[in-house]
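Notes follow once the structure below has been shown.
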Amino acid sequence: MPPGDVAEALRVQEELRSRVDLVGPGPTAPTTVAGLDVAYAESGDRLAAAVTVLDAGTLTVVDEAVSVGRPAFGYVPGLFAFRELPALLEALDRLTVRPDLLVCDGHGLAHPRRFGLACHLGLVTGLPAIGVGKTPLVGEWDEPSPERGAWTPLRDAGEVVGRVLRTRDGVKPVFVSVGHRMSLDNAVDRVLALTPSYRLPETTRTADRLCRRALAAALA
DNA sequence: GCGACAG
DNA sequence: ATCTTGTCGC
């Protein structure tokens with residue numbers, strides 16, 4: 001059951017944050033990696049969540065699932081997870097394959113209270129998880145060198161909460177942070193392995209296409 | 001008080 | 001997130 005208001009949501013984050021595993025190095029050679037994303041109807045009252053599971057070696061889709069529903073919470077930066085979590089969890093439940101790693105569209109530790117969507121999703125499922133954001137939520141950083149693989153630390157309130165990583169030469173970097181049971185070094189390695197051709201991980205791209213398709217089909 | 005603010 | 005035209009480049 002989603003929080004009824006902001007105060008309750010904050011209490012839930014405060015309660016769960018301590019249970020996140022920030023030690024586990026996570027799988028160095030995962031067999032399968034899942035991508036999660038959500039698409040919204042322009043009216044804003046309907047959404048479609050999708051999960052795609054890719055073979056980590058070939059980056060081809062081996063399983064996928066969707067869930068159409070309503071946002072479970074208003075859009076409040078920092079409480080974003082409560083909005084998409086129910087639909088994402090339902091889609092995850094519908095998978096046939098249990099992925100070795102979750103790649104979330106949003107942040108993990110790079111969050112005001114160190115408990116972004118990737119942490120929440122990882123904790124609830126018990127799976128290793130990382131967050132890959134397209135834009136920052138918190139922190140300061142220096143611009144990484146223009147070549148793929150270059151990165152700089154993302155710092156907030158005196159601590160390193162993630163990395164600003166260049167996944168393609170000369171293209172805007174992404175924000176990588178740990179979600180659950182993953183080290184930052186491994187998270188960056190996994191993201192680079194998932195970005196042989198584009199700025200965003202293949203997992204995110206396939207999930208993005210799937211949730212858009214599912215939403216269009218649901219609205220038709 | 002003011003500006004910023006994942007998707 | 002979503003709404004949007006053209007444009008530059010491979």
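Here's how to read the names in the structure tokens: chain A, B, ... by the order shown, residue numbers from 1 in each chain, ligand numbers from 1 in the order shown.
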Could you give me, as a Markdown table, a per-residue list for chain B showing, wherever an atom lies at most 10 Å from an atom of chain A, the closest pair of atoms and their distance in Å to one decimal, using only C-alpha atoms (C1' of nucleotides) and sorting by chain then residue number from low to high?
| residue | atom | partner | partner_atom | distance |
| --- | --- | --- | --- | --- |
| B:DA4 | C1' | A:Leu137 | CA | 8.8 |
| B:DC5 | C1' | A:Pro77 | CA | 5.7 |
| B:DA6 | C1' | A:Gly106 | CA | 4.9 |
| B:DG7 | C1' | A:Phe80 | CA | 7.2 |
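The part of chain C that reaches within 12 Å of chain A is made up of DA1, DT2 and DC3 of chain C, counting only C-alpha atoms (C1' of nucleotides).
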All alpha helix (DSSP H) residues (DSSP, backbone) inside segment 24-151 of chain A, as an MDAnalysis selection string: chainID A and resid 81:93 117:125
Work out how far apart atom CA of Glu159 of chain A and atom CA of Pro27 of chain A are and give it in Å to one decimal.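 Spanning atom CA of Glu159 of chain A to atom CA of Pro27 of chain A is a straight-line distance of 24.5 Å.
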Those in segment 20-161 of chain A with strand (DSSP E) from DSSP, as number ranges by chain: A: 32-40, 47-55, 61-69, 102-105, 129-133, 151-156, 159-161
Compare A:Val164, A:His180, A:Asp55, A:Lys172 by their minimum atom-to-atom distance to Arg17 of chain A, counting only C-alpha atoms, and give me the closest one.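 Looking only at the distances to Arg17 of chain A, the closest residue turns out to be A:His180.
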Please measure the separation of atom CA of Glu90 of chain A and atom CA of Val20 of chain A, giving the value in Å to one decimal. 21.2 Å
Using only C-alpha atoms (C1' of nucleotides), which protein or nucleic acid residues come within 12 Å of Thr195 of chain A? Drop anything in the same chain fewer than 3 positions from it, and give the result as a PyMOL selection string. chain A and resi 56+59+132+148-149+165-169+173-174+188-192+198-205
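Residues within 10 Å of Trp141 of chain A, counting only C-alpha atoms (C1' of nucleotides) and excluding same-chain residues fewer than 3 positions away, are Pro144, Trp151, Thr152, Pro153, Leu154, Arg155, Asp156, Val160, Gly162, Arg163 and Val164 of chain A.
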Please write the residues from the selection above to a file, keeping N, CA and C atoms, as a PDB file, in the first residue's frame.
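Generated output (again.pdb):
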ATOM      1  N   PRO A 144      33.481  15.298 -16.899  1.00  0.00           N
ATOM      2  CA  PRO A 144      34.456  14.256 -17.255  1.00  0.00           C
ATOM      3  C   PRO A 144      35.022  14.508 -18.660  1.00  0.00           C
ATOM      4  N   TRP A 151      35.157   9.420 -16.257  1.00  0.00           N
ATOM      5  CA  TRP A 151      34.163   9.732 -15.222  1.00  0.00           C
ATOM      6  C   TRP A 151      34.744  10.635 -14.160  1.00  0.00           C
ATOM      7  N   THR A 152      33.865  11.258 -13.393  1.00  0.00           N
ATOM      8  CA  THR A 152      34.257  12.108 -12.277  1.00  0.00           C
ATOM      9  C   THR A 152      33.311  11.761 -11.138  1.00  0.00           C
ATOM     10  N   PRO A 153      33.771  11.955  -9.886  1.00  0.00           N
ATOM     11  CA  PRO A 153      32.896  11.631  -8.757  1.00  0.00           C
ATOM     12  C   PRO A 153      31.731  12.612  -8.621  1.00  0.00           C
ATOM     13  N   LEU A 154      30.596  12.074  -8.215  1.00  0.00           N
ATOM     14  CA  LEU A 154      29.416  12.898  -7.955  1.00  0.00           C
ATOM     15  C   LEU A 154      29.387  13.016  -6.436  1.00  0.00           C
ATOM     16  N   ARG A 155      29.516  14.244  -5.932  1.00  0.00           N
ATOM     17  CA  ARG A 155      29.561  14.440  -4.486  1.00  0.00           C
ATOM     18  C   ARG A 155      28.383  15.236  -3.963  1.00  0.00           C
ATOM     19  N   ASP A 156      27.934  14.854  -2.773  1.00  0.00           N
ATOM     20  CA  ASP A 156      26.829  15.584  -2.155  1.00  0.00           C
ATOM     21  C   ASP A 156      27.067  15.611  -0.650  1.00  0.00           C
ATOM     22  N   VAL A 160      30.774  10.873  -1.585  1.00  0.00           N
ATOM     23  CA  VAL A 160      30.657  10.462  -2.980  1.00  0.00           C
ATOM     24  C   VAL A 160      29.392   9.610  -3.075  1.00  0.00           C
ATOM     25  N   GLY A 162      27.975   8.867  -6.224  1.00  0.00           N
ATOM     26  CA  GLY A 162      27.848   8.258  -7.540  1.00  0.00           C
ATOM     27  C   GLY A 162      28.944   8.743  -8.472  1.00  0.00           C
ATOM     28  N   ARG A 163      28.790   8.487  -9.763  1.00  0.00           N
ATOM     29  CA  ARG A 163      29.760   8.949 -10.744  1.00  0.00           C
ATOM     30  C   ARG A 163      29.065   9.509 -11.969  1.00  0.00           C
ATOM     31  N   VAL A 164      29.712  10.516 -12.533  1.00  0.00           N
ATOM     32  CA  VAL A 164      29.214  11.105 -13.770  1.00  0.00           C
ATOM     33  C   VAL A 164      30.033  10.402 -14.833  1.00  0.00           C
TER      34      VAL A 164
END
